[in-house]
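Here is the file structure13.txt (compact mmCIF, C-alpha atoms).
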# COMPACT_ATOMS: atom_id res chain seq x y z
CA MET N 743 53.26 23.66 -161.11
CA ILE N 744 53.94 22.51 -157.53
CA LYS N 745 50.37 23.36 -156.58
CA ASN N 746 49.07 21.19 -159.45
CA LEU N 747 51.25 18.26 -158.33
CA ILE N 748 49.96 18.55 -154.76
CA VAL N 749 46.34 18.65 -155.96
CA LEU N 750 46.94 15.67 -158.25
CA ALA N 751 48.64 13.66 -155.50
CA SER N 752 45.80 14.44 -153.09
CA LEU N 753 43.22 13.41 -155.66
CA VAL N 754 45.01 10.11 -156.36
CA PHE N 755 45.25 9.44 -152.61
CA LEU N 756 41.54 10.13 -152.06
CA LEU N 757 40.44 7.99 -154.99
CA ASN N 758 42.65 5.14 -153.85
CA ALA N 759 41.32 5.35 -150.28
CA CYS N 760 37.71 5.33 -151.48
CA SER N 761 38.15 2.40 -153.84
CA ASN N 762 40.25 0.36 -151.41
CA GLU N 763 37.51 -1.78 -149.88
CA THR N 764 38.49 -4.13 -147.10
CA LYS N 765 38.31 -7.64 -148.46
CA LYS N 766 36.17 -10.08 -146.58
CA GLU N 767 38.18 -12.63 -144.62
CA GLU N 768 38.02 -16.18 -145.90
CA TRP N 769 40.00 -18.94 -144.20
CA THR N 770 40.73 -22.13 -146.14
CA SER N 771 41.35 -25.34 -144.20
CA TRP N 772 43.84 -28.01 -145.31
CA VAL N 773 44.18 -31.29 -143.45
CA TYR N 774 47.35 -33.36 -143.69
CA PRO N 775 46.47 -37.01 -142.87
CA ASP N 776 50.18 -37.69 -142.29
CA LYS N 777 51.91 -34.63 -140.82
CA SER N 778 55.29 -35.94 -141.96
CA ASN N 779 54.12 -35.85 -145.62
CA THR N 780 52.98 -32.31 -146.41
CA LYS N 781 52.68 -33.09 -150.14
CA ARG N 782 49.55 -35.08 -149.36
CA SER N 783 46.73 -32.84 -148.18
CA MET N 784 43.00 -32.45 -148.50
CA LYS N 785 41.13 -29.18 -148.76
CA ASN N 786 38.54 -29.08 -146.03
CA GLY N 787 36.45 -26.02 -146.92
CA VAL N 788 36.41 -22.25 -146.60
CA TYR N 789 35.32 -20.51 -143.39
CA LYS N 790 34.50 -16.94 -142.37
CA ASN N 791 37.06 -16.71 -139.54
CA LEU N 792 40.17 -18.42 -138.20
CA GLU N 793 38.45 -20.04 -135.22
CA GLU N 794 35.87 -21.75 -137.47
CA CYS N 795 38.66 -22.95 -139.76
CA LYS N 796 40.65 -24.39 -136.85
CA GLN N 797 37.64 -26.14 -135.36
CA ALA N 798 36.57 -27.60 -138.72
CA SER N 799 40.11 -28.88 -139.26
CA ILE N 800 40.25 -30.51 -135.84
CA ASN N 801 36.80 -32.03 -136.35
CA LYS N 802 37.86 -33.52 -139.70
CA ILE N 803 41.00 -35.02 -138.15
CA GLU N 804 38.92 -36.56 -135.36
CA GLU N 805 36.38 -37.83 -137.90
CA LEU N 806 39.22 -39.56 -139.78
CA ASN N 807 40.48 -40.98 -136.46
CA LEU N 808 43.93 -39.47 -137.07
CA THR N 809 44.40 -37.23 -134.02
CA LYS N 810 47.96 -38.40 -133.32
CA LYS N 811 49.10 -38.63 -136.92
CA ALA N 812 47.46 -35.72 -138.77
CA SER N 813 47.99 -31.96 -138.89
CA TYR N 814 46.25 -28.96 -140.45
CA LYS N 815 46.72 -25.37 -141.52
CA CYS N 816 44.39 -22.47 -142.25
CA GLY N 817 45.12 -19.89 -144.94
CA LEU N 818 43.73 -16.35 -145.18
CA ASN N 819 42.23 -15.17 -148.50
CA CYS N 820 43.85 -17.89 -150.60
CA THR N 821 43.80 -17.84 -154.40
CA TYR N 822 45.02 -20.41 -156.88
CA HIS N 823 48.22 -19.40 -158.67
CA GLU N 824 48.18 -20.96 -162.13
CA ASN N 825 51.94 -20.80 -162.80
CA MET N 826 52.87 -22.26 -159.42
CA LYS N 827 50.00 -24.80 -159.52
CA THR N 828 49.18 -24.16 -155.87
CA ASP N 829 47.12 -21.95 -153.58
CA VAL N 830 48.78 -18.77 -152.35
CA CYS N 831 47.51 -17.23 -149.11
CA LYS N 832 48.03 -13.83 -147.48
CA LYS N 833 48.67 -15.55 -144.13
CA ILE N 834 48.96 -19.10 -142.81
CA ALA N 835 47.95 -20.05 -139.26
CA LYS N 836 47.49 -23.16 -137.20
Do you think you could lay out the structure here as structure tokens?
Amino acid sequence: MIKNLIVLASLVFLLNACSNETKKEEWTSWVYPDKSNTKRSMKNGVYKNLEECKQASINKIEELNLTKKASYKCGLNCTYHENMKTDVCKKIAK
């Protein structure tokens, strides 16, 4: 009985490890034209790494001529949550 449980647990562990692919990183950029009003934002694209996301955000802020007034954030592997009506990210960085 114990031997069967150990074999079963090992099998579950191996199957989980094999099927657990590492998800590709995707960083979503949000620009806040007025950093004091975080309810107003604009999605600025999805990028393959954090540095690209940061640079694209800064470029957009400069393009809008809002360097002193605007802010941004980058979110890792974000998905839209229907019940919350917002994007949920694994990690947020600036």
Quiz prompt | Polymer residues at most 9 Å from region 790-800 of chain N, only C-alpha atoms, same-chain spacing of 5 or more positions, as a list of chain:residue names | solution =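 Listing them by chain and then by number gives N:Lys766, N:Glu767, N:Glu768, N:Trp769, N:Thr770, N:Ser771, N:Trp772, N:Val773, N:Glu805, N:Thr809, N:Ser813, N:Tyr814, N:Lys815, N:Cys816, N:Gly817, N:Leu818, N:Ala835, N:Lys836.
Taking CA of Lys832 (chain N) and CA of Cys820 (chain N) as the two end points, the separation is 6.6 Å.
The gap separating CA of Ala812 (chain N) from CA of Lys827 (chain N) is 23.6 Å, in Å to one decimal.
Reported to one decimal place, the separation of CA of Ser778 (chain N) from CA of Ile803 (chain N) is 14.8 Å.
Nearest to Asn819 (chain N) of all the residues N:Cys831, N:Asn807, N:Lys785, N:Asn801 is N:Cys831, counting all atoms listed in the file.
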Box for region 793-803 of chain N: with edges along x, y and z, all listed atoms inside and 6 Å added on each side, what are the centre and edge lengths in Å to one decimal, as JSON?
{"center_x": 38.4, "center_y": -27.5, "center_z": -137.5, "size_x": 17.1, "size_y": 27.0, "size_z": 16.5}
